[in-house]
Each structure stands twice: as C-alpha cells, then as structure tokens.
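Q: Handing you a structure now.
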Amino acid sequence: MYIIGIDGGGTKTVGILATETGQGLVEVQSGPANYHVVGETQTQVVLESVVEELCERAGVSRTCPIRFCLGMAGLGRAADQEIIGRICDDLGIRGNRILTHDAHIALVGGIGKQEGVIVISGTGAIVYGINAEGKEGRASGWGYLIGDEGSGYDIAIKGLRAVARAADGRDTPTELTDRILNSLE
C-alpha cells in the first residue's frame, strides 16, 4: 500500500508518494492548485500531473492500492470539498482518500497530532486550531479580497500602497520607496 499526500496551495503544489511506514519515495512540485484562483480545469491539470509524475518516478502503478490525502487552500467548506471530490473522481482518485484544507494538514504534519494551533503566512494567511474535544477554530483565511491579514499578498499590497502614498506626497517615504519606483520606470 502506498500513500500520496498533496499540499495544493495558491502558489505551488507539492506531492509526495510514500510507503505505509512513512518512507518517502518521491516528491514533486507543480504550479498552484487553489481552484478559487486558477479554476477547476487548471486544478485538475495540476493534480493529474502531480499524481502521474509521482507514480511514474516511483515506478508505482496507478492501479495498485493507494491512499490519498489532499490538503488544499480554499478547501474548508463542504461545497469546496464536493467540487474537489468530483475532480478526484475524474482522476480515478476514489475510495480511500482524505480531502481537507491546507491549514489542517500543516497542523497535523507540523505537530504530529490533531490538537494544537498553527499560524500560516504564505500566499494567504490563517490561524487554525483544534482543541482536545476536536472542536475547530479559525481566524482569517478568507482570501485576498476579504481578509488574509498577514499573508504575503497583504504585506506586499500594504508596502506598495505606502510607496504610492509617499510618491504622491501624502506620506513619508519608506526604505522601499525609491527601489520600487525605480523598478517601475
């Protein structure tokens, strides 16, 4: 029995194929797989390429018993899981699979159990936790339009806006003002 774990994010997707004992055989990287950003078709293309490359590089047939764990940005709601579930069905990823969000796999992978808190600041941002009774809680993680405070995107936009204010004379220049304005010329 083999296990394929995939972390599908807003910037990149990482997949690993391992044995049941946890021995990693192969790891591959591909482009973003957050269907809210790249769409369902591109998400399917990315997931298919990751699974195909993992199996090919490890010399494992797609028809042998494989368990899947797919953690993806934007996969925290039942409606999202249904959409990704259909994509997985189309790719032949059925049966023994776990579909969850990226904060969940980061928490469990990071501390080795289903209880704790994690703070993620990547393309997006979220604070996520599970208590001893299994109750989940979260803050942020709503996407760049509504609220990913502290994400790479949020930090970059705030920096660019500070530069624009300084260039307009509405605020004092920052350490980045000249560098960013020069790069735009």
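FYI, nothing fancy with the structure tokens labels: chains A, B, ... in order, residues from 1 per chain, ligands from 1 as they appear.
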Can you pull out every residue within 10 Å of segment 102-119 of chain A, counting only C-alpha atoms, but drop anything in the same chain fewer than 6 positions away, and send it as a ChimeraX atom specification?
A: /A:5-9,69-76,125-139,141,150
Q: Skip Gly85 of chain A itself and residues of its chain fewer than 2 positions away, then list as a PDB file with C-alpha atoms, in the first residue's frame all residues within 12 Å of it, counting only C-alpha atoms.
A:
ATOM      1  CA  GLU A  40     -11.386  23.887 -11.728  1.00  0.00           C
ATOM      2  CA  THR A  43      -6.671  22.486 -10.671  1.00  0.00           C
ATOM      3  CA  GLN A  44      -7.462  19.170 -12.335  1.00  0.00           C
ATOM      4  CA  LEU A  47      -3.403  17.397  -9.638  1.00  0.00           C
ATOM      5  CA  PHE A  68      -4.654   9.792  -0.815  1.00  0.00           C
ATOM      6  CA  CYS A  69      -4.571  12.807   1.449  1.00  0.00           C
ATOM      7  CA  LEU A  70      -5.228  16.059  -0.341  1.00  0.00           C
ATOM      8  CA  GLY A  71      -4.919  19.295   1.610  1.00  0.00           C
ATOM      9  CA  MET A  72      -5.684  22.387  -0.411  1.00  0.00           C
ATOM     10  CA  LEU A  75     -10.961  23.541   0.786  1.00  0.00           C
ATOM     11  CA  ALA A  78     -18.371  21.200   2.174  1.00  0.00           C
ATOM     12  CA  ALA A  79     -19.203  22.797  -1.202  1.00  0.00           C
ATOM     13  CA  ASP A  80     -15.488  23.145  -1.975  1.00  0.00           C
ATOM     14  CA  GLN A  81     -14.835  19.543  -0.960  1.00  0.00           C
ATOM     15  CA  GLU A  82     -17.630  18.414  -3.273  1.00  0.00           C
ATOM     16  CA  ILE A  83     -16.031  20.199  -6.239  1.00  0.00           C
ATOM     17  CA  ILE A  87     -12.148  16.344  -9.765  1.00  0.00           C
ATOM     18  CA  CYS A  88     -10.597  13.477  -7.794  1.00  0.00           C
ATOM     19  CA  ASP A  89     -13.277  11.089  -9.094  1.00  0.00           C
ATOM     20  CA  ASP A  90     -12.465  12.165 -12.660  1.00  0.00           C
ATOM     21  CA  LEU A  91      -8.789  11.433 -11.990  1.00  0.00           C
ATOM     22  CA  GLY A  92      -9.576   7.987 -10.569  1.00  0.00           C
ATOM     23  CA  ILE A  93      -8.762   9.064  -7.008  1.00  0.00           C
ATOM     24  CA  ARG A  94     -11.631   7.305  -5.251  1.00  0.00           C
ATOM     25  CA  GLY A  95     -12.291   5.356  -2.116  1.00  0.00           C
ATOM     26  CA  ASN A  96      -9.563   5.703   0.449  1.00  0.00           C
ATOM     27  CA  ARG A  97      -8.974   9.458   0.384  1.00  0.00           C
ATOM     28  CA  ILE A  98      -8.976  12.418   2.726  1.00  0.00           C
ATOM     29  CA  LEU A  99      -9.915  15.857   1.417  1.00  0.00           C
ATOM     30  CA  THR A 100      -9.183  18.713   3.796  1.00  0.00           C
TER      31      THR A 100
END
Q: Please provide as a ChimeraX atom specification all residues within 12 Å of Ser49 of chain A, with the sequence filter that same-chain residues fewer than 3 positions apart are discarded (counting only C-alpha atoms).
A: /A:6,13-15,28-33,42-46,52-57,91
Q: Please identify which residues in segment 38-151 of chain A DSSP calls helix (DSSP H, G or I) from the backbone, and express them as a ChimeraX atom specification.
A: /A:38-58,78-90,102-111
Q: Write the residues you've just listed into a file as an mmCIF file, in the first residue's frame, and include C-alpha atoms for each of them.
A:
data_model
loop_
_atom_site.group_PDB
_atom_site.id
_atom_site.type_symbol
_atom_site.label_atom_id
_atom_site.label_comp_id
_atom_site.auth_asym_id
_atom_site.auth_seq_id
_atom_site.Cartn_x
_atom_site.Cartn_y
_atom_site.Cartn_z
ATOM 1 C CA VAL A 38 -6.822 29.086 -11.045
ATOM 2 C CA GLY A 39 -10.214 27.481 -11.764
ATOM 3 C CA GLU A 40 -11.386 23.887 -11.728
ATOM 4 C CA THR A 41 -9.832 22.903 -15.058
ATOM 5 C CA GLN A 42 -6.342 24.071 -14.114
ATOM 6 C CA THR A 43 -6.671 22.486 -10.671
ATOM 7 C CA GLN A 44 -7.462 19.170 -12.335
ATOM 8 C CA VAL A 45 -4.495 19.548 -14.712
ATOM 9 C CA VAL A 46 -2.118 20.251 -11.815
ATOM 10 C CA LEU A 47 -3.403 17.397 -9.638
ATOM 11 C CA GLU A 48 -3.252 14.941 -12.520
ATOM 12 C CA SER A 49 0.307 15.948 -13.406
ATOM 13 C CA VAL A 50 1.433 15.602 -9.777
ATOM 14 C CA VAL A 51 -0.122 12.138 -9.345
ATOM 15 C CA GLU A 52 1.187 10.923 -12.722
ATOM 16 C CA GLU A 53 4.718 12.175 -12.064
ATOM 17 C CA LEU A 54 4.781 10.717 -8.540
ATOM 18 C CA CYS A 55 3.710 7.274 -9.741
ATOM 19 C CA GLU A 56 5.995 7.356 -12.772
ATOM 20 C CA ARG A 57 9.097 8.435 -10.841
ATOM 21 C CA ALA A 58 8.449 5.888 -8.068
ATOM 22 C CA ALA A 78 -18.371 21.200 2.174
ATOM 23 C CA ALA A 79 -19.203 22.797 -1.202
ATOM 24 C CA ASP A 80 -15.488 23.145 -1.975
ATOM 25 C CA GLN A 81 -14.835 19.543 -0.960
ATOM 26 C CA GLU A 82 -17.630 18.414 -3.273
ATOM 27 C CA ILE A 83 -16.031 20.199 -6.239
ATOM 28 C CA ILE A 84 -12.567 18.815 -5.490
ATOM 29 C CA GLY A 85 -14.146 15.410 -4.838
ATOM 30 C CA ARG A 86 -15.566 15.417 -8.382
ATOM 31 C CA ILE A 87 -12.148 16.344 -9.765
ATOM 32 C CA CYS A 88 -10.597 13.477 -7.794
ATOM 33 C CA ASP A 89 -13.277 11.089 -9.094
ATOM 34 C CA ASP A 90 -12.465 12.165 -12.660
ATOM 35 C CA ASP A 102 -4.095 23.139 3.894
ATOM 36 C CA ALA A 103 -4.148 24.505 7.445
ATOM 37 C CA HIS A 104 -5.325 21.108 8.726
ATOM 38 C CA ILE A 105 -2.520 19.176 7.043
ATOM 39 C CA ALA A 106 0.015 21.787 8.196
ATOM 40 C CA LEU A 107 -1.200 21.441 11.790
ATOM 41 C CA VAL A 108 -1.165 17.644 11.867
ATOM 42 C CA GLY A 109 2.045 17.406 9.850
ATOM 43 C CA GLY A 110 3.754 20.020 11.981
ATOM 44 C CA ILE A 111 2.955 18.696 15.435
#
Q: Expressed in Å to a single decimal, how great is the separation between atom CA of Leu160 of chain A and atom CA of Gly147 of chain A?
A: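 Computed distance, atom CA of Leu160 of chain A to atom CA of Gly147 of chain A, equals 17.4 Å.
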Q: Kindly give the distance, in Å, that separates atom CA of Val26 of chain A and atom CA of Met1 of chain A, rounded to a single decimal.
A: 14.8 Å
Q: By how many Å are atom CA of Gly22 of chain A and atom CA of Arg62 of chain A apart?
A: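 Distance reported for this atom pair: 18.6 Å.
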Q: Give the answer as one residue: which of A:Glu175, A:Ala18, A:Glu185, A:Gly124 has the shortest atom-to-atom distance to Gly59 of chain A, using only C-alpha atoms?
A: A:Ala18
Q: Write down as a PDB file with N, CA and C atoms, in the first residue's frame the residues belonging to segment 2-85 of chain A that are assigned strand (DSSP E) by DSSP computed on the backbone.
A:
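So the final result, stored in states-v6.pdb, reads:
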ATOM      1  N   TYR A   2       0.529   2.203  -0.819  1.00  0.00           N
ATOM      2  CA  TYR A   2       1.257   3.465  -0.893  1.00  0.00           C
ATOM      3  C   TYR A   2       0.342   4.606  -0.468  1.00  0.00           C
ATOM      4  N   ILE A   3       0.967   5.694  -0.088  1.00  0.00           N
ATOM      5  CA  ILE A   3       0.229   6.892   0.311  1.00  0.00           C
ATOM      6  C   ILE A   3       0.729   8.048  -0.538  1.00  0.00           C
ATOM      7  N   ILE A   4      -0.214   8.807  -1.092  1.00  0.00           N
ATOM      8  CA  ILE A   4       0.132  10.042  -1.793  1.00  0.00           C
ATOM      9  C   ILE A   4      -0.449  11.190  -0.987  1.00  0.00           C
ATOM     10  N   GLY A   5       0.410  12.100  -0.602  1.00  0.00           N
ATOM     11  CA  GLY A   5      -0.010  13.311   0.089  1.00  0.00           C
ATOM     12  C   GLY A   5       0.238  14.503  -0.809  1.00  0.00           C
ATOM     13  N   ILE A   6      -0.754  15.354  -0.955  1.00  0.00           N
ATOM     14  CA  ILE A   6      -0.631  16.535  -1.812  1.00  0.00           C
ATOM     15  C   ILE A   6      -1.042  17.767  -1.028  1.00  0.00           C
ATOM     16  N   ASP A   7      -0.186  18.781  -1.081  1.00  0.00           N
ATOM     17  CA  ASP A   7      -0.461  20.096  -0.499  1.00  0.00           C
ATOM     18  C   ASP A   7      -0.638  21.054  -1.665  1.00  0.00           C
ATOM     19  N   GLY A   8      -1.888  21.388  -1.960  1.00  0.00           N
ATOM     20  CA  GLY A   8      -2.197  22.260  -3.089  1.00  0.00           C
ATOM     21  C   GLY A   8      -2.433  23.675  -2.617  1.00  0.00           C
ATOM     22  N   THR A  13       2.096  23.554  -5.697  1.00  0.00           N
ATOM     23  CA  THR A  13       1.543  22.295  -5.226  1.00  0.00           C
ATOM     24  C   THR A  13       2.701  21.331  -5.029  1.00  0.00           C
ATOM     25  N   VAL A  14       2.726  20.673  -3.872  1.00  0.00           N
ATOM     26  CA  VAL A  14       3.776  19.703  -3.567  1.00  0.00           C
ATOM     27  C   VAL A  14       3.107  18.362  -3.305  1.00  0.00           C
ATOM     28  N   GLY A  15       3.634  17.322  -3.926  1.00  0.00           N
ATOM     29  CA  GLY A  15       3.127  15.975  -3.703  1.00  0.00           C
ATOM     30  C   GLY A  15       4.251  15.055  -3.277  1.00  0.00           C
ATOM     31  N   ILE A  16       3.920  14.092  -2.444  1.00  0.00           N
ATOM     32  CA  ILE A  16       4.898  13.085  -2.028  1.00  0.00           C
ATOM     33  C   ILE A  16       4.222  11.722  -2.076  1.00  0.00           C
ATOM     34  N   LEU A  17       4.966  10.728  -2.530  1.00  0.00           N
ATOM     35  CA  LEU A  17       4.497   9.351  -2.518  1.00  0.00           C
ATOM     36  C   LEU A  17       5.373   8.610  -1.519  1.00  0.00           C
ATOM     37  N   ALA A  18       4.738   7.921  -0.576  1.00  0.00           N
ATOM     38  CA  ALA A  18       5.459   7.223   0.491  1.00  0.00           C
ATOM     39  C   ALA A  18       4.882   5.828   0.677  1.00  0.00           C
ATOM     40  N   THR A  19       5.632   5.009   1.385  1.00  0.00           N
ATOM     41  CA  THR A  19       5.128   3.695   1.763  1.00  0.00           C
ATOM     42  C   THR A  19       4.238   3.855   2.989  1.00  0.00           C
ATOM     43  N   GLY A  24       9.418   8.113   2.538  1.00  0.00           N
ATOM     44  CA  GLY A  24       9.169   8.890   1.330  1.00  0.00           C
ATOM     45  C   GLY A  24       9.954   8.344   0.160  1.00  0.00           C
ATOM     46  N   LEU A  25       9.289   8.130  -0.948  1.00  0.00           N
ATOM     47  CA  LEU A  25       9.944   7.616  -2.139  1.00  0.00           C
ATOM     48  C   LEU A  25      10.240   8.727  -3.139  1.00  0.00           C
ATOM     49  N   VAL A  26       9.259   9.597  -3.346  1.00  0.00           N
ATOM     50  CA  VAL A  26       9.373  10.616  -4.387  1.00  0.00           C
ATOM     51  C   VAL A  26       8.624  11.862  -3.954  1.00  0.00           C
ATOM     52  N   GLU A  27       9.169  13.031  -4.316  1.00  0.00           N
ATOM     53  CA  GLU A  27       8.481  14.311  -4.102  1.00  0.00           C
ATOM     54  C   GLU A  27       8.523  15.097  -5.404  1.00  0.00           C
ATOM     55  N   VAL A  28       7.400  15.713  -5.749  1.00  0.00           N
ATOM     56  CA  VAL A  28       7.347  16.560  -6.950  1.00  0.00           C
ATOM     57  C   VAL A  28       6.662  17.875  -6.610  1.00  0.00           C
ATOM     58  N   GLN A  29       6.951  18.867  -7.440  1.00  0.00           N
ATOM     59  CA  GLN A  29       6.327  20.188  -7.304  1.00  0.00           C
ATOM     60  C   GLN A  29       5.696  20.586  -8.619  1.00  0.00           C
ATOM     61  N   SER A  30       4.604  21.334  -8.509  1.00  0.00           N
ATOM     62  CA  SER A  30       3.932  21.846  -9.695  1.00  0.00           C
ATOM     63  C   SER A  30       3.384  23.229  -9.360  1.00  0.00           C
ATOM     64  N   ILE A  66      -3.603   2.640  -3.363  1.00  0.00           N
ATOM     65  CA  ILE A  66      -3.002   3.911  -2.954  1.00  0.00           C
ATOM     66  C   ILE A  66      -4.012   4.659  -2.092  1.00  0.00           C
ATOM     67  N   ARG A  67      -3.535   5.176  -0.972  1.00  0.00           N
ATOM     68  CA  ARG A  67      -4.345   6.072  -0.147  1.00  0.00           C
ATOM     69  C   ARG A  67      -3.943   7.501  -0.489  1.00  0.00           C
ATOM     70  N   PHE A  68      -4.917   8.398  -0.477  1.00  0.00           N
ATOM     71  CA  PHE A  68      -4.654   9.792  -0.815  1.00  0.00           C
ATOM     72  C   PHE A  68      -5.044  10.708   0.331  1.00  0.00           C
ATOM     73  N   CYS A  69      -4.210  11.702   0.569  1.00  0.00           N
ATOM     74  CA  CYS A  69      -4.571  12.807   1.449  1.00  0.00           C
ATOM     75  C   CYS A  69      -4.297  14.078   0.670  1.00  0.00           C
ATOM     76  N   LEU A  70      -5.334  14.833   0.435  1.00  0.00           N
ATOM     77  CA  LEU A  70      -5.228  16.059  -0.341  1.00  0.00           C
ATOM     78  C   LEU A  70      -5.624  17.229   0.543  1.00  0.00           C
ATOM     79  N   GLY A  71      -4.667  18.081   0.847  1.00  0.00           N
ATOM     80  CA  GLY A  71      -4.919  19.295   1.610  1.00  0.00           C
ATOM     81  C   GLY A  71      -4.722  20.480   0.687  1.00  0.00           C
ATOM     82  N   MET A  72      -5.756  21.290   0.550  1.00  0.00           N
ATOM     83  CA  MET A  72      -5.684  22.387  -0.411  1.00  0.00           C
ATOM     84  C   MET A  72      -6.174  23.692   0.183  1.00  0.00           C
TER      85      MET A  72
END
Q: Nearest to Val163 of chain A: which of A:Asn182, A:Ser151, A:Asn34, A:Thr21 is it, counting only C-alpha atoms?
A: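 When distances to Val163 of chain A are compared using only C-alpha atoms, the smallest one comes from A:Asn182.
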